[in-house]
$ cat entry25.cif   # mmCIF, C-alpha atoms and all ligand atoms
data_target
loop_
_atom_site.group_PDB
_atom_site.id
_atom_site.type_symbol
_atom_site.label_atom_id
_atom_site.label_comp_id
_atom_site.auth_asym_id
_atom_site.auth_seq_id
_atom_site.Cartn_x
_atom_site.Cartn_y
_atom_site.Cartn_z
ATOM 1 C CA MET A 11 101.735 171.168 90.726
ATOM 2 C CA ILE A 12 103.722 168.743 88.598
ATOM 3 C CA GLY A 13 101.003 166.077 88.266
ATOM 4 C CA ASN A 14 101.809 162.434 87.623
ATOM 5 C CA ILE A 15 104.366 161.194 85.108
ATOM 6 C CA ASP A 16 101.743 159.359 83.032
ATOM 7 C CA SER A 17 99.765 162.496 82.436
ATOM 8 C CA LEU A 18 102.965 164.291 81.386
ATOM 9 C CA LEU A 19 103.842 161.478 78.967
ATOM 10 C CA ASN A 20 100.332 161.529 77.539
ATOM 11 C CA PHE A 21 100.618 165.269 77.089
ATOM 12 C CA SER A 22 103.940 164.983 75.226
ATOM 13 C CA ASN A 23 102.595 162.137 73.034
ATOM 14 C CA ASP A 24 99.495 164.203 72.280
ATOM 15 C CA LEU A 25 101.658 167.160 71.339
ATOM 16 C CA PHE A 26 103.498 165.252 68.655
ATOM 17 C CA GLN A 27 100.162 163.882 67.395
ATOM 18 C CA LYS A 28 98.619 167.371 67.242
ATOM 19 C CA LYS A 29 96.991 167.826 63.851
ATOM 20 C CA GLU A 30 98.864 171.068 63.124
ATOM 21 C CA ILE A 31 102.259 169.589 64.076
ATOM 22 C CA LYS A 32 102.018 166.399 62.014
ATOM 23 C CA PRO A 33 102.352 168.131 58.615
ATOM 24 C CA VAL A 34 105.336 170.118 59.906
ATOM 25 C CA LEU A 35 107.018 166.858 60.914
ATOM 26 C CA GLY A 36 106.422 165.681 57.335
ATOM 27 C CA GLN A 37 108.153 168.838 56.034
ATOM 28 C CA VAL A 38 111.028 168.291 58.473
ATOM 29 C CA ALA A 39 111.488 164.740 57.174
ATOM 30 C CA GLY A 40 111.466 165.921 53.553
ATOM 31 C CA VAL A 41 113.975 168.745 53.981
ATOM 32 C CA ALA A 42 116.241 166.667 56.248
ATOM 33 C CA GLN A 43 116.391 164.056 53.482
ATOM 34 C CA TYR A 44 117.276 166.712 50.863
ATOM 35 C CA LEU A 45 120.035 168.119 53.098
ATOM 36 C CA TRP A 46 121.483 164.651 53.555
ATOM 37 C CA GLU A 47 121.296 163.835 49.834
ATOM 38 C CA ARG A 48 122.940 167.140 48.886
ATOM 39 C CA GLY A 49 125.852 166.316 51.189
ATOM 40 C CA TRP A 50 125.139 169.432 53.264
ATOM 41 C CA ALA A 51 124.550 167.515 56.489
ATOM 42 C CA GLU A 52 127.491 165.239 57.247
ATOM 43 C CA ARG A 53 127.373 163.643 60.712
ATOM 44 C CA ASN A 54 125.275 166.001 62.903
ATOM 45 C CA ALA A 55 125.698 169.028 60.622
ATOM 46 C CA GLY A 56 122.848 171.453 60.230
ATOM 47 C CA ASN A 57 119.977 172.490 62.452
ATOM 48 C CA PHE A 58 116.656 174.313 62.322
ATOM 49 C CA SER A 59 113.946 176.002 64.350
ATOM 50 C CA VAL A 60 110.282 176.475 63.424
ATOM 51 C CA ASN A 61 108.014 178.858 65.339
ATOM 52 C CA ILE A 62 104.829 176.870 66.051
ATOM 53 C CA THR A 63 103.353 179.154 68.736
ATOM 54 C CA SER A 64 100.208 179.751 66.691
ATOM 55 C CA PHE A 65 99.294 176.052 67.023
ATOM 56 C CA PHE A 66 98.681 176.434 70.767
ATOM 57 C CA GLN A 67 95.983 177.920 72.964
ATOM 58 C CA ASP A 68 97.144 180.033 75.877
ATOM 59 C CA ARG A 69 96.031 177.458 78.461
ATOM 60 C CA GLU A 70 97.992 174.697 76.653
ATOM 61 C CA LEU A 71 101.187 176.734 76.954
ATOM 62 C CA ASP A 72 100.897 176.715 80.761
ATOM 63 C CA ARG A 73 101.599 172.956 80.757
ATOM 64 C CA PHE A 74 105.057 173.405 79.236
ATOM 65 C CA ALA A 75 106.234 174.912 82.502
ATOM 66 C CA LEU A 76 106.111 171.342 83.927
ATOM 67 C CA TYR A 77 108.958 170.154 81.691
ATOM 68 C CA PRO A 78 112.731 170.348 82.298
ATOM 69 C CA PHE A 79 113.886 173.910 82.721
ATOM 70 C CA PHE A 80 117.154 175.427 81.432
ATOM 71 C CA PRO A 81 118.231 179.027 82.024
ATOM 72 C CA LEU A 82 119.414 181.030 79.007
ATOM 73 C CA THR A 83 122.574 183.128 79.262
ATOM 74 C CA LYS A 84 120.724 186.008 77.598
ATOM 75 C CA GLY A 85 117.064 187.061 77.760
ATOM 76 C CA TYR A 86 114.719 187.078 74.743
ATOM 77 C CA PRO A 87 111.786 189.091 76.134
ATOM 78 C CA ASP A 88 109.889 189.143 72.853
ATOM 79 C CA LEU A 89 109.975 185.344 72.761
ATOM 80 C CA SER A 90 108.076 185.079 76.050
ATOM 81 C CA ARG A 91 105.591 182.131 75.815
ATOM 82 C CA THR A 92 106.609 181.144 72.307
ATOM 83 C CA ILE A 93 107.239 177.571 71.221
ATOM 84 C CA PHE A 94 109.596 176.153 68.607
ATOM 85 C CA LEU A 95 110.323 172.841 66.968
ATOM 86 C CA VAL A 96 114.119 172.634 67.226
ATOM 87 C CA SER A 97 116.508 169.984 65.897
ATOM 88 C CA GLY A 98 118.363 168.068 68.593
ATOM 89 C CA THR A 99 122.059 168.705 69.090
ATOM 90 C CA GLY A 100 124.174 165.855 67.757
ATOM 91 C CA THR A 101 121.294 164.348 65.770
ATOM 92 C CA ARG A 102 121.830 163.285 62.163
ATOM 93 C CA MET A 103 119.709 164.732 59.359
ATOM 94 C CA ARG A 104 119.500 161.268 57.828
ATOM 95 C CA ASP A 105 117.924 160.015 61.079
ATOM 96 C CA MET A 106 115.721 163.122 61.219
ATOM 97 C CA ALA A 107 114.382 162.181 57.773
ATOM 98 C CA ALA A 108 113.377 158.724 59.034
ATOM 99 C CA SER A 109 111.993 159.740 62.456
ATOM 100 C CA PRO A 110 111.650 163.484 62.982
ATOM 101 C CA ALA A 111 109.839 163.330 66.343
ATOM 102 C CA GLU A 112 112.695 161.351 67.892
ATOM 103 C CA ASN A 113 115.397 163.749 66.710
ATOM 104 C CA LEU A 114 113.938 167.115 67.601
ATOM 105 C CA CYS A 115 112.422 168.736 70.639
ATOM 106 C CA LEU A 116 109.847 171.357 71.466
ATOM 107 C CA VAL A 117 111.411 174.386 73.123
ATOM 108 C CA TYR A 118 109.064 176.583 75.122
ATOM 109 C CA ILE A 119 110.380 179.999 76.206
ATOM 110 C CA SER A 120 109.386 181.030 79.731
ATOM 111 C CA ASP A 121 107.240 184.053 80.669
ATOM 112 C CA THR A 122 110.316 186.198 81.247
ATOM 113 C CA GLY A 123 112.106 185.038 78.074
ATOM 114 C CA SER A 124 115.139 184.068 80.133
ATOM 115 C CA ALA A 125 114.792 180.258 80.237
ATOM 116 C CA TYR A 126 113.371 177.402 78.226
ATOM 117 C CA HIS A 127 111.571 174.132 78.840
ATOM 118 C CA ILE A 128 112.010 171.142 76.550
ATOM 119 C CA VAL A 129 109.605 168.394 75.560
ATOM 120 C CA THR A 130 110.792 165.427 73.514
ATOM 121 C CA GLY A 131 108.761 163.143 71.303
ATOM 122 C CA ASN A 132 110.180 159.814 72.400
ATOM 123 C CA PRO A 133 109.537 159.027 76.074
ATOM 124 C CA ASP A 134 111.984 156.078 75.913
ATOM 125 C CA CYS A 135 114.899 158.334 74.969
ATOM 126 C CA GLU A 136 116.861 160.631 77.159
ATOM 127 C CA TYR A 137 115.856 164.212 76.606
ATOM 128 C CA VAL A 138 116.863 165.439 73.166
ATOM 129 C CA LYS A 139 118.642 168.740 73.819
ATOM 130 C CA PRO A 140 118.265 171.607 71.342
ATOM 131 C CA THR A 141 120.947 172.456 68.808
ATOM 132 C CA SER A 142 124.206 174.018 69.990
ATOM 133 C CA GLU A 143 123.288 176.980 67.728
ATOM 134 C CA LEU A 144 120.203 177.720 69.849
ATOM 135 C CA VAL A 145 121.337 181.260 70.748
ATOM 136 C CA THR A 146 121.509 182.201 67.067
ATOM 137 C CA HIS A 147 118.143 180.592 66.329
ATOM 138 C CA LEU A 148 116.477 182.408 69.237
ATOM 139 C CA ALA A 149 118.050 185.756 68.344
ATOM 140 C CA VAL A 150 116.905 185.433 64.719
ATOM 141 C CA GLN A 151 113.443 184.157 65.681
ATOM 142 C CA GLN A 152 113.048 187.109 68.051
ATOM 143 C CA GLN A 153 114.043 189.539 65.285
ATOM 144 C CA LEU A 154 111.503 187.942 62.902
ATOM 145 C CA LEU A 155 108.771 188.417 65.506
ATOM 146 C CA GLN A 156 109.819 192.007 66.232
ATOM 147 C CA LYS A 157 109.645 192.784 62.509
ATOM 148 C CA LYS A 158 106.295 190.935 62.199
ATOM 149 C CA SER A 159 107.893 188.929 59.382
ATOM 150 C CA PRO A 160 105.940 186.058 57.858
ATOM 151 C CA GLU A 161 109.074 183.868 58.204
ATOM 152 C CA LYS A 162 108.789 181.195 60.888
ATOM 153 C CA VAL A 163 111.779 179.029 59.988
ATOM 154 C CA VAL A 164 115.535 179.356 60.519
ATOM 155 C CA LEU A 165 117.673 176.712 58.793
ATOM 156 C CA HIS A 166 121.425 176.127 59.041
ATOM 157 C CA ALA A 167 123.315 173.714 56.748
ATOM 158 C CA HIS A 168 126.862 173.026 55.592
ATOM 159 C CA VAL A 169 126.349 173.934 51.934
ATOM 160 C CA THR A 170 129.586 172.548 50.494
ATOM 161 C CA GLU A 171 129.675 174.681 47.329
ATOM 162 C CA LEU A 172 129.275 177.954 49.259
ATOM 163 C CA ILE A 173 131.756 176.945 51.949
ATOM 164 C CA ALA A 174 134.266 176.229 49.158
ATOM 165 C CA LEU A 175 133.842 179.751 47.772
ATOM 166 C CA THR A 176 134.643 181.278 51.160
ATOM 167 C CA GLN A 177 138.028 179.524 50.989
ATOM 168 C CA LEU A 178 138.903 181.518 47.834
ATOM 169 C CA PRO A 179 140.519 184.975 48.165
ATOM 170 C CA PRO A 180 138.356 186.641 45.435
ATOM 171 C CA PHE A 181 135.207 186.019 47.480
ATOM 172 C CA LYS A 182 136.183 187.481 50.829
ATOM 173 C CA THR A 183 133.761 190.375 50.395
ATOM 174 C CA GLU A 184 129.990 190.319 50.240
ATOM 175 C CA GLU A 185 130.075 192.439 47.075
ATOM 176 C CA SER A 186 132.367 190.109 45.138
ATOM 177 C CA LEU A 187 130.604 186.975 46.353
ATOM 178 C CA ASN A 188 127.132 188.218 45.385
ATOM 179 C CA ALA A 189 128.263 189.697 42.082
ATOM 180 C CA MET A 190 129.658 186.308 41.066
ATOM 181 C CA LEU A 191 126.610 184.343 42.336
ATOM 182 C CA TRP A 192 124.140 186.640 40.526
ATOM 183 C CA GLY A 193 126.213 186.386 37.361
ATOM 184 C CA MET A 194 126.047 182.588 37.172
ATOM 185 C CA HIS A 195 122.289 182.167 36.741
ATOM 186 C CA PRO A 196 119.430 184.620 36.092
ATOM 187 C CA GLU A 197 117.183 183.128 38.785
ATOM 188 C CA THR A 198 119.685 183.806 41.550
ATOM 189 C CA LEU A 199 119.057 187.546 41.242
ATOM 190 C CA LEU A 200 115.353 186.864 40.799
ATOM 191 C CA PHE A 201 114.944 184.783 43.981
ATOM 192 C CA VAL A 202 117.741 186.178 46.140
ATOM 193 C CA PRO A 203 117.663 189.874 45.153
ATOM 194 C CA ALA A 204 119.318 191.078 48.373
ATOM 195 C CA GLY A 205 122.111 188.516 47.986
ATOM 196 C CA ALA A 206 123.748 186.732 50.894
ATOM 197 C CA GLY A 207 125.219 188.414 53.940
ATOM 198 C CA LEU A 208 128.813 187.295 54.496
ATOM 199 C CA ILE A 209 130.071 186.728 58.028
ATOM 200 C CA PRO A 210 133.830 186.465 58.528
ATOM 201 C CA TYR A 211 134.917 183.294 60.293
ATOM 202 C CA THR A 212 133.437 183.190 63.811
ATOM 203 C CA LEU A 213 133.233 180.314 66.267
ATOM 204 C CA ALA A 214 129.954 178.368 65.968
ATOM 205 C CA GLY A 215 127.446 178.339 68.818
ATOM 206 C CA THR A 216 128.596 181.688 70.261
ATOM 207 C CA GLU A 217 126.892 185.001 71.022
ATOM 208 C CA GLN A 218 129.341 186.571 68.528
ATOM 209 C CA ILE A 219 128.046 184.533 65.606
ATOM 210 C CA ALA A 220 124.454 185.167 66.799
ATOM 211 C CA THR A 221 125.012 188.957 66.846
ATOM 212 C CA ALA A 222 126.728 189.020 63.453
ATOM 213 C CA THR A 223 124.002 186.822 61.918
ATOM 214 C CA LEU A 224 121.239 188.985 63.379
ATOM 215 C CA ALA A 225 122.685 192.154 61.863
ATOM 216 C CA LYS A 226 122.958 190.594 58.391
ATOM 217 C CA LEU A 227 119.545 188.899 58.477
ATOM 218 C CA ASP A 228 117.988 192.314 59.076
ATOM 219 C CA HIS A 229 118.296 192.923 55.321
ATOM 220 C CA HIS A 230 119.117 189.506 53.839
ATOM 221 C CA LYS A 231 117.234 186.184 53.808
ATOM 222 C CA VAL A 232 120.467 184.231 54.033
ATOM 223 C CA VAL A 233 123.968 184.521 55.455
ATOM 224 C CA VAL A 234 127.128 182.618 54.615
ATOM 225 C CA TRP A 235 129.348 181.816 57.578
ATOM 226 C CA GLU A 236 132.910 181.836 56.243
ATOM 227 C CA LYS A 237 134.459 178.340 56.158
ATOM 228 C CA HIS A 238 131.429 176.834 57.943
ATOM 229 C CA GLY A 239 128.019 177.012 56.232
ATOM 230 C CA CYS A 240 124.850 179.052 55.757
ATOM 231 C CA MET A 241 121.768 180.144 57.626
ATOM 232 C CA ALA A 242 118.536 181.048 55.841
ATOM 233 C CA VAL A 243 115.071 182.150 56.921
ATOM 234 C CA GLY A 244 111.801 181.199 55.239
ATOM 235 C CA GLN A 245 108.065 180.930 55.727
ATOM 236 C CA THR A 246 108.499 177.162 55.554
ATOM 237 C CA LEU A 247 111.452 174.795 55.736
ATOM 238 C CA ALA A 248 111.136 174.282 51.974
ATOM 239 C CA ASP A 249 111.439 178.065 51.374
ATOM 240 C CA ALA A 250 114.587 178.288 53.480
ATOM 241 C CA PHE A 251 116.031 175.224 51.740
ATOM 242 C CA ASP A 252 115.249 176.741 48.307
ATOM 243 C CA ILE A 253 117.374 179.802 49.047
ATOM 244 C CA LEU A 254 120.347 177.603 49.911
ATOM 245 C CA ASP A 255 119.698 175.456 46.845
ATOM 246 C CA ILE A 256 119.595 178.423 44.452
ATOM 247 C CA LEU A 257 122.847 179.883 45.797
ATOM 248 C CA ALA A 258 124.491 176.455 45.663
ATOM 249 C CA LYS A 259 123.425 176.112 42.015
ATOM 250 C CA SER A 260 125.224 179.347 41.116
ATOM 251 C CA ALA A 261 128.272 178.289 43.108
ATOM 252 C CA ARG A 262 128.348 174.907 41.311
ATOM 253 C CA ILE A 263 128.139 176.553 37.882
ATOM 254 C CA TYR A 264 131.067 178.790 38.798
ATOM 255 C CA LEU A 265 133.177 175.918 40.115
ATOM 256 C CA LEU A 266 132.283 173.747 37.102
ATOM 257 C CA CYS A 267 133.379 176.490 34.686
ATOM 258 C CA LYS A 268 136.616 176.979 36.637
ATOM 259 C CA SER A 269 137.282 173.239 36.506
ATOM 260 C CA THR A 270 137.615 173.532 32.711
ATOM 261 C CA GLY A 271 140.507 175.925 33.282
ATOM 262 C CA MET A 272 138.507 178.821 31.874
ATOM 263 C CA GLU A 273 136.892 181.842 33.463
ATOM 264 C CA PRO A 274 133.064 181.987 33.321
ATOM 265 C CA GLU A 275 131.681 185.039 31.510
ATOM 266 C CA GLY A 276 128.832 185.747 33.919
ATOM 267 C CA LEU A 277 125.680 187.645 33.009
ATOM 268 C CA THR A 278 126.410 191.146 31.751
ATOM 269 C CA GLU A 279 125.473 194.290 33.661
ATOM 270 C CA SER A 280 122.713 195.019 31.150
ATOM 271 C CA GLN A 281 121.304 191.482 31.462
ATOM 272 C CA LEU A 282 121.226 191.843 35.243
ATOM 273 C CA ALA A 283 119.676 195.318 34.937
ATOM 274 C CA GLU A 284 116.976 193.878 32.682
ATOM 275 C CA ILE A 285 116.109 191.231 35.316
ATOM 276 C CA ARG A 286 115.951 193.910 38.043
ATOM 277 C CA ALA A 287 113.787 196.179 35.901
ATOM 278 C CA THR A 288 111.428 193.373 34.893
ATOM 279 C CA PHE A 289 110.917 191.534 38.149
ATOM 280 C CA HIS A 290 111.706 193.813 41.096
HETATM 281 P P1 LIG B 301 124.176 170.680 66.379
HETATM 282 O O1 LIG B 301 124.209 169.184 66.215
HETATM 283 O O2 LIG B 301 124.425 171.096 67.796
HETATM 284 O O3 LIG B 301 122.903 171.268 65.811
HETATM 285 O O4 LIG B 301 125.379 171.289 65.556
HETATM 286 C C1 LIG B 301 125.432 171.146 64.167
HETATM 287 C C2 LIG B 301 126.088 172.279 63.491
HETATM 288 O O5 LIG B 301 126.036 172.352 62.272
HETATM 289 C C3 LIG B 301 126.788 173.305 64.298
HETATM 290 O O6 LIG B 301 127.133 174.409 63.520
HETATM 291 ZN ZN ZN B 302 127.225 174.047 61.408
#

$ encode --input "entry25.cif" --output "C-alpha cells"
Amino acid sequence: MIGNIDSLLNFSNDLFQKKEIKPVLGQVAGVAQYLWERGWAERNAGNFSVNITSFFQDRELDRFALYPFFPLTKGYPDLSRTIFLVSGTGTRMRDMAASPAENLCLVYISDTGSAYHIVTGNPDCEYVKPTSELVTHLAVQQQLLQKKSPEKVVLHAHVTELIALTQLPPFKTEESLNAMLWGMHPETLLFVPAGAGLIPYTLAGTEQIATATLAKLDHHKVVVWEKHGCMAVGQTLADAFDILDILAKSARIYLLCKSTGMEPEGLTESQLAEIRATFH
C-alpha cells in the first residue's frame, strides 16, 4: 500500500533529519567545498556515494519500496537492501556545499539488487536523480561489501594536476606515473603505498569504465581515469579526499619543477626504501 503523500513527505523529511545522517551531510558540505575550491569540480564535475545502510533498522528499509523505482541494467545481488547517499547528476559541488540535502538523493537497492528507489531531500524540487556514474559507484560499493572493507565512501573528482599528467607521454603507464608521484614527496609513499591504478581513456558512465575501475580498486585505494579524473575510496569522505589531495600535491611539485625548465631529482631509491622499511 502506498499510503498518503503527506506521510511519504514526512518520512523523507524525517530521513534527512535522522541524527546519524545529519553529520554525514556536514561532511558532504565540507568536502564539496574543498573540491570546488581546489578547482576539481567545475560545473557538475565530481560525484560520490556513501553507504549508510547501518543507520537503518530493517523495518525502516521496507518504506523505501514506496518511492520511485528505476530498473538497473545489471544486478548487484550483494547490494540487496542497502542504502546510499548519492550526489545528484548535474548538481554543482558549490551548491552541494551550501545545501547538501537538496543536491543529493538516497538510493535504496531493491531486494533482488536489480533496481533502485530514490528519495530526495527537497519535496519542492523534482526528483534529484543519482549521478551518471552510478554503475561504477554501485560496482565499487558492492566490491567493498564483498571484501568486508571498512570503506563506505566512493568519491570521483576532476583532479586537474593528475589529469594533466595523463596528457604527458612519460606517464602512460601505472609504473612510471607512480614512480614519479612517490618520488616527489615522502608522504605520498607513506599514505598511498599501493599507488594509483591507471585506467586508459574510457567513456564516462559506462559499464566498461565500471569494470576497469573495479579491477584496479581491488588492490588500490584510488584510480586515475586517463584525461578525465580520479576515483578514490575511503572510510569517510575526508579520507577519500585526502588520497586525491596527496597525489595532487606530488603532481603539483612535479609540474612546478618542470615549469622552471629543469628536471626534478625525485627521492632516491634508498630514500624510498627507507620509508618502506620504516613505515610499512
Ligand atoms: P554527474 O553530474 O552525472 O555526477 O557527472 C559528473 C561527472 O564528473 C561525470 O564523470
Ligand atoms: Zn567526471

$ residues_near_ligand --input "entry25.cif" --ligand "ligand LIG 301 (chain B)" --cutoff "8 Å" --atoms "all atoms listed in the file" --output "VMD selection string"
chain A and resid 51 54 to 58 97 to 102 140 to 143 166 to 168 214 to 215 238 to 239

$ residues_around --input "entry25.cif" --residues "stretch 270-278 of chain A" --least-positions-apart "3" --cutoff "6 Å" --atoms "all atoms listed in the file" --output "count of residues only"
4

$ closest_residue --input "entry25.cif" --among "A:Glu136, A:Glu279, A:Glu236, A:Asp228" --to "A:Met190" --atoms "all atoms listed in the file"
A:Glu279

$ resolve_selection --input "entry25.cif" --expression "the PyMOL selection byres (((chain A and resi 232) around 10) and not hetatm)" --output "CSV table (one decimal) with C-alpha atoms, keeping the file's coordinate frame"
chain,number,residue,atom,x,y,z
A,164,VAL,CA,115.5,179.4,60.5
A,165,LEU,CA,117.7,176.7,58.8
A,166,HIS,CA,121.4,176.1,59.0
A,202,VAL,CA,117.7,186.2,46.1
A,204,ALA,CA,119.3,191.1,48.4
A,205,GLY,CA,122.1,188.5,48.0
A,206,ALA,CA,123.7,186.7,50.9
A,207,GLY,CA,125.2,188.4,53.9
A,208,LEU,CA,128.8,187.3,54.5
A,223,THR,CA,124.0,186.8,61.9
A,226,LYS,CA,123.0,190.6,58.4
A,227,LEU,CA,119.5,188.9,58.5
A,228,ASP,CA,118.0,192.3,59.1
A,229,HIS,CA,118.3,192.9,55.3
A,230,HIS,CA,119.1,189.5,53.8
A,231,LYS,CA,117.2,186.2,53.8
A,233,VAL,CA,124.0,184.5,55.5
A,234,VAL,CA,127.1,182.6,54.6
A,235,TRP,CA,129.3,181.8,57.6
A,240,CYS,CA,124.8,179.1,55.8
A,241,MET,CA,121.8,180.1,57.6
A,242,ALA,CA,118.5,181.0,55.8
A,243,VAL,CA,115.1,182.2,56.9
A,244,GLY,CA,111.8,181.2,55.2
A,250,ALA,CA,114.6,178.3,53.5
A,253,ILE,CA,117.4,179.8,49.0
A,254,LEU,CA,120.3,177.6,49.9
A,257,LEU,CA,122.8,179.9,45.8

$ resolve_selection --input "entry25.cif" --expression "the PyMOL selection byres (((chain A and resi 247) around 8) and not hetatm)" --output "PyMOL selection string"
chain A and resi 37-38+41+60+163-165+244-246+248-251

$ write_last_selection --input "entry25.cif" --atoms "C-alpha atoms" --output "PDB file, in the coordinates of the input"
ATOM      1  CA  GLN A  37     108.153 168.838  56.034  1.00  0.00           C
ATOM      2  CA  VAL A  38     111.028 168.291  58.473  1.00  0.00           C
ATOM      3  CA  VAL A  41     113.975 168.745  53.981  1.00  0.00           C
ATOM      4  CA  VAL A  60     110.282 176.475  63.424  1.00  0.00           C
ATOM      5  CA  VAL A 163     111.779 179.029  59.988  1.00  0.00           C
ATOM      6  CA  VAL A 164     115.535 179.356  60.519  1.00  0.00           C
ATOM      7  CA  LEU A 165     117.673 176.712  58.793  1.00  0.00           C
ATOM      8  CA  GLY A 244     111.801 181.199  55.239  1.00  0.00           C
ATOM      9  CA  GLN A 245     108.065 180.930  55.727  1.00  0.00           C
ATOM     10  CA  THR A 246     108.499 177.162  55.554  1.00  0.00           C
ATOM     11  CA  ALA A 248     111.136 174.282  51.974  1.00  0.00           C
ATOM     12  CA  ASP A 249     111.439 178.065  51.374  1.00  0.00           C
ATOM     13  CA  ALA A 250     114.587 178.288  53.480  1.00  0.00           C
ATOM     14  CA  PHE A 251     116.031 175.224  51.740  1.00  0.00           C
TER      15      PHE A 251
END

$ closest_residue --input "entry25.cif" --among "A:Glu171, A:Glu30, A:Asp88, A:Glu197" --to "A:Phe65" --atoms "all atoms listed in the file"
A:Glu30

$ residues_around --input "entry25.cif" --residues "A:Ser64" --least-positions-apart "2" --cutoff "9 Å" --atoms "all atoms listed in the file" --output "ChimeraX atom specification"
/A:61-62,66-67,92-93

$ atom_distance --input "entry25.cif" --atom1 "atom CA of A:Pro160" --atom2 "atom CA of A:Gly85"
22.8 Å

$ closest_residue --input "entry25.cif" --among "A:Ala283, A:Lys268, A:Gln153, A:Gln43" --to "A:Leu175" --atoms "all atoms listed in the file"
A:Lys268

$ atom_distance --input "entry25.cif" --atom1 "atom CA of A:Ile128" --atom2 "atom CA of A:Leu116"
5.5 Å

$ closest_residue --input "entry25.cif" --among "A:Pro87, A:Ile173, A:Phe181, A:Asp68" --to "ligand ZN 302 (chain B)" --atoms "all atoms listed in the file"
A:Ile173

$ closest_residue --input "entry25.cif" --among "A:Ala225, A:Glu184, A:Val169, A:Val129" --to "ligand ZN 302 (chain B)" --atoms "only C-alpha atoms and all ligand atoms"
A:Val169

$ resolve_selection --input "entry25.cif" --expression "the PyMOL selection byres (((chain A and resi 119) around 10) and not hetatm)" --output "PDB file with C-alpha atoms, in the coordinates of the input"
ATOM      1  CA  LEU A  71     101.187 176.734  76.954  1.00  0.00           C
ATOM      2  CA  PHE A  74     105.057 173.405  79.236  1.00  0.00           C
ATOM      3  CA  ALA A  75     106.234 174.912  82.502  1.00  0.00           C
ATOM      4  CA  PHE A  79     113.886 173.910  82.721  1.00  0.00           C
ATOM      5  CA  PHE A  80     117.154 175.427  81.432  1.00  0.00           C
ATOM      6  CA  PRO A  81     118.231 179.027  82.024  1.00  0.00           C
ATOM      7  CA  LEU A  82     119.414 181.030  79.007  1.00  0.00           C
ATOM      8  CA  GLY A  85     117.064 187.061  77.760  1.00  0.00           C
ATOM      9  CA  TYR A  86     114.719 187.078  74.743  1.00  0.00           C
ATOM     10  CA  PRO A  87     111.786 189.091  76.134  1.00  0.00           C
ATOM     11  CA  ASP A  88     109.889 189.143  72.853  1.00  0.00           C
ATOM     12  CA  LEU A  89     109.975 185.344  72.761  1.00  0.00           C
ATOM     13  CA  SER A  90     108.076 185.079  76.050  1.00  0.00           C
ATOM     14  CA  ARG A  91     105.591 182.131  75.815  1.00  0.00           C
ATOM     15  CA  THR A  92     106.609 181.144  72.307  1.00  0.00           C
ATOM     16  CA  ILE A  93     107.239 177.571  71.221  1.00  0.00           C
ATOM     17  CA  PHE A  94     109.596 176.153  68.607  1.00  0.00           C
ATOM     18  CA  LEU A 116     109.847 171.357  71.466  1.00  0.00           C
ATOM     19  CA  VAL A 117     111.411 174.386  73.123  1.00  0.00           C
ATOM     20  CA  TYR A 118     109.064 176.583  75.122  1.00  0.00           C
ATOM     21  CA  SER A 120     109.386 181.030  79.731  1.00  0.00           C
ATOM     22  CA  ASP A 121     107.240 184.053  80.669  1.00  0.00           C
ATOM     23  CA  THR A 122     110.316 186.198  81.247  1.00  0.00           C
ATOM     24  CA  GLY A 123     112.106 185.038  78.074  1.00  0.00           C
ATOM     25  CA  SER A 124     115.139 184.068  80.133  1.00  0.00           C
ATOM     26  CA  ALA A 125     114.792 180.258  80.237  1.00  0.00           C
ATOM     27  CA  TYR A 126     113.371 177.402  78.226  1.00  0.00           C
ATOM     28  CA  HIS A 127     111.571 174.132  78.840  1.00  0.00           C
ATOM     29  CA  ILE A 128     112.010 171.142  76.550  1.00  0.00           C
ATOM     30  CA  LEU A 148     116.477 182.408  69.237  1.00  0.00           C
TER      31      LEU A 148
END

$ closest_residue --input "entry25.cif" --among "A:Ile256, A:Leu95, A:Ala261, A:Leu114" --to "A:Leu191" --atoms "all atoms listed in the file"
A:Ala261

$ atom_distance --input "entry25.cif" --atom1 "atom CA of A:Leu224" --atom2 "atom CA of A:Glu185"
18.9 Å

$ axis_aligned_box --input "entry25.cif" --around "stretch 249-268 of chain A" --padding-each-side "6 Å" --output "AutoDock Vina command-line options"
--center_x 124.0 --center_y 176.8 --center_z 44.1 --size_x 37.2 --size_y 18.1 --size_z 30.8

$ decode --input "entry25.cif" --residues "stretch 197-214 of chain A" --atoms "C-alpha atoms" --output "PDB file, in the first residue's frame"
ATOM      1  CA  GLU A 197      54.302  11.195   2.368  1.00  0.00           C
ATOM      2  CA  THR A 198      52.900  10.045  -0.960  1.00  0.00           C
ATOM      3  CA  LEU A 199      54.523   6.634  -0.500  1.00  0.00           C
ATOM      4  CA  LEU A 200      53.569   6.702   3.170  1.00  0.00           C
ATOM      5  CA  PHE A 201      49.842   7.347   2.605  1.00  0.00           C
ATOM      6  CA  VAL A 202      49.344   5.825  -0.840  1.00  0.00           C
ATOM      7  CA  PRO A 203      51.693   2.810  -0.662  1.00  0.00           C
ATOM      8  CA  ALA A 204      49.872   0.851  -3.383  1.00  0.00           C
ATOM      9  CA  GLY A 205      49.953   3.863  -5.713  1.00  0.00           C
ATOM     10  CA  ALA A 206      47.171   4.733  -8.125  1.00  0.00           C
ATOM     11  CA  GLY A 207      45.643   2.368 -10.644  1.00  0.00           C
ATOM     12  CA  LEU A 208      45.729   3.876 -14.136  1.00  0.00           C
ATOM     13  CA  ILE A 209      42.796   3.336 -16.480  1.00  0.00           C
ATOM     14  CA  PRO A 210      43.329   4.118 -20.161  1.00  0.00           C
ATOM     15  CA  TYR A 211      40.810   6.563 -21.583  1.00  0.00           C
ATOM     16  CA  THR A 212      37.298   5.080 -21.379  1.00  0.00           C
ATOM     17  CA  LEU A 213      33.932   6.753 -21.841  1.00  0.00           C
ATOM     18  CA  ALA A 214      32.456   8.001 -18.542  1.00  0.00           C
TER      19      ALA A 214
END
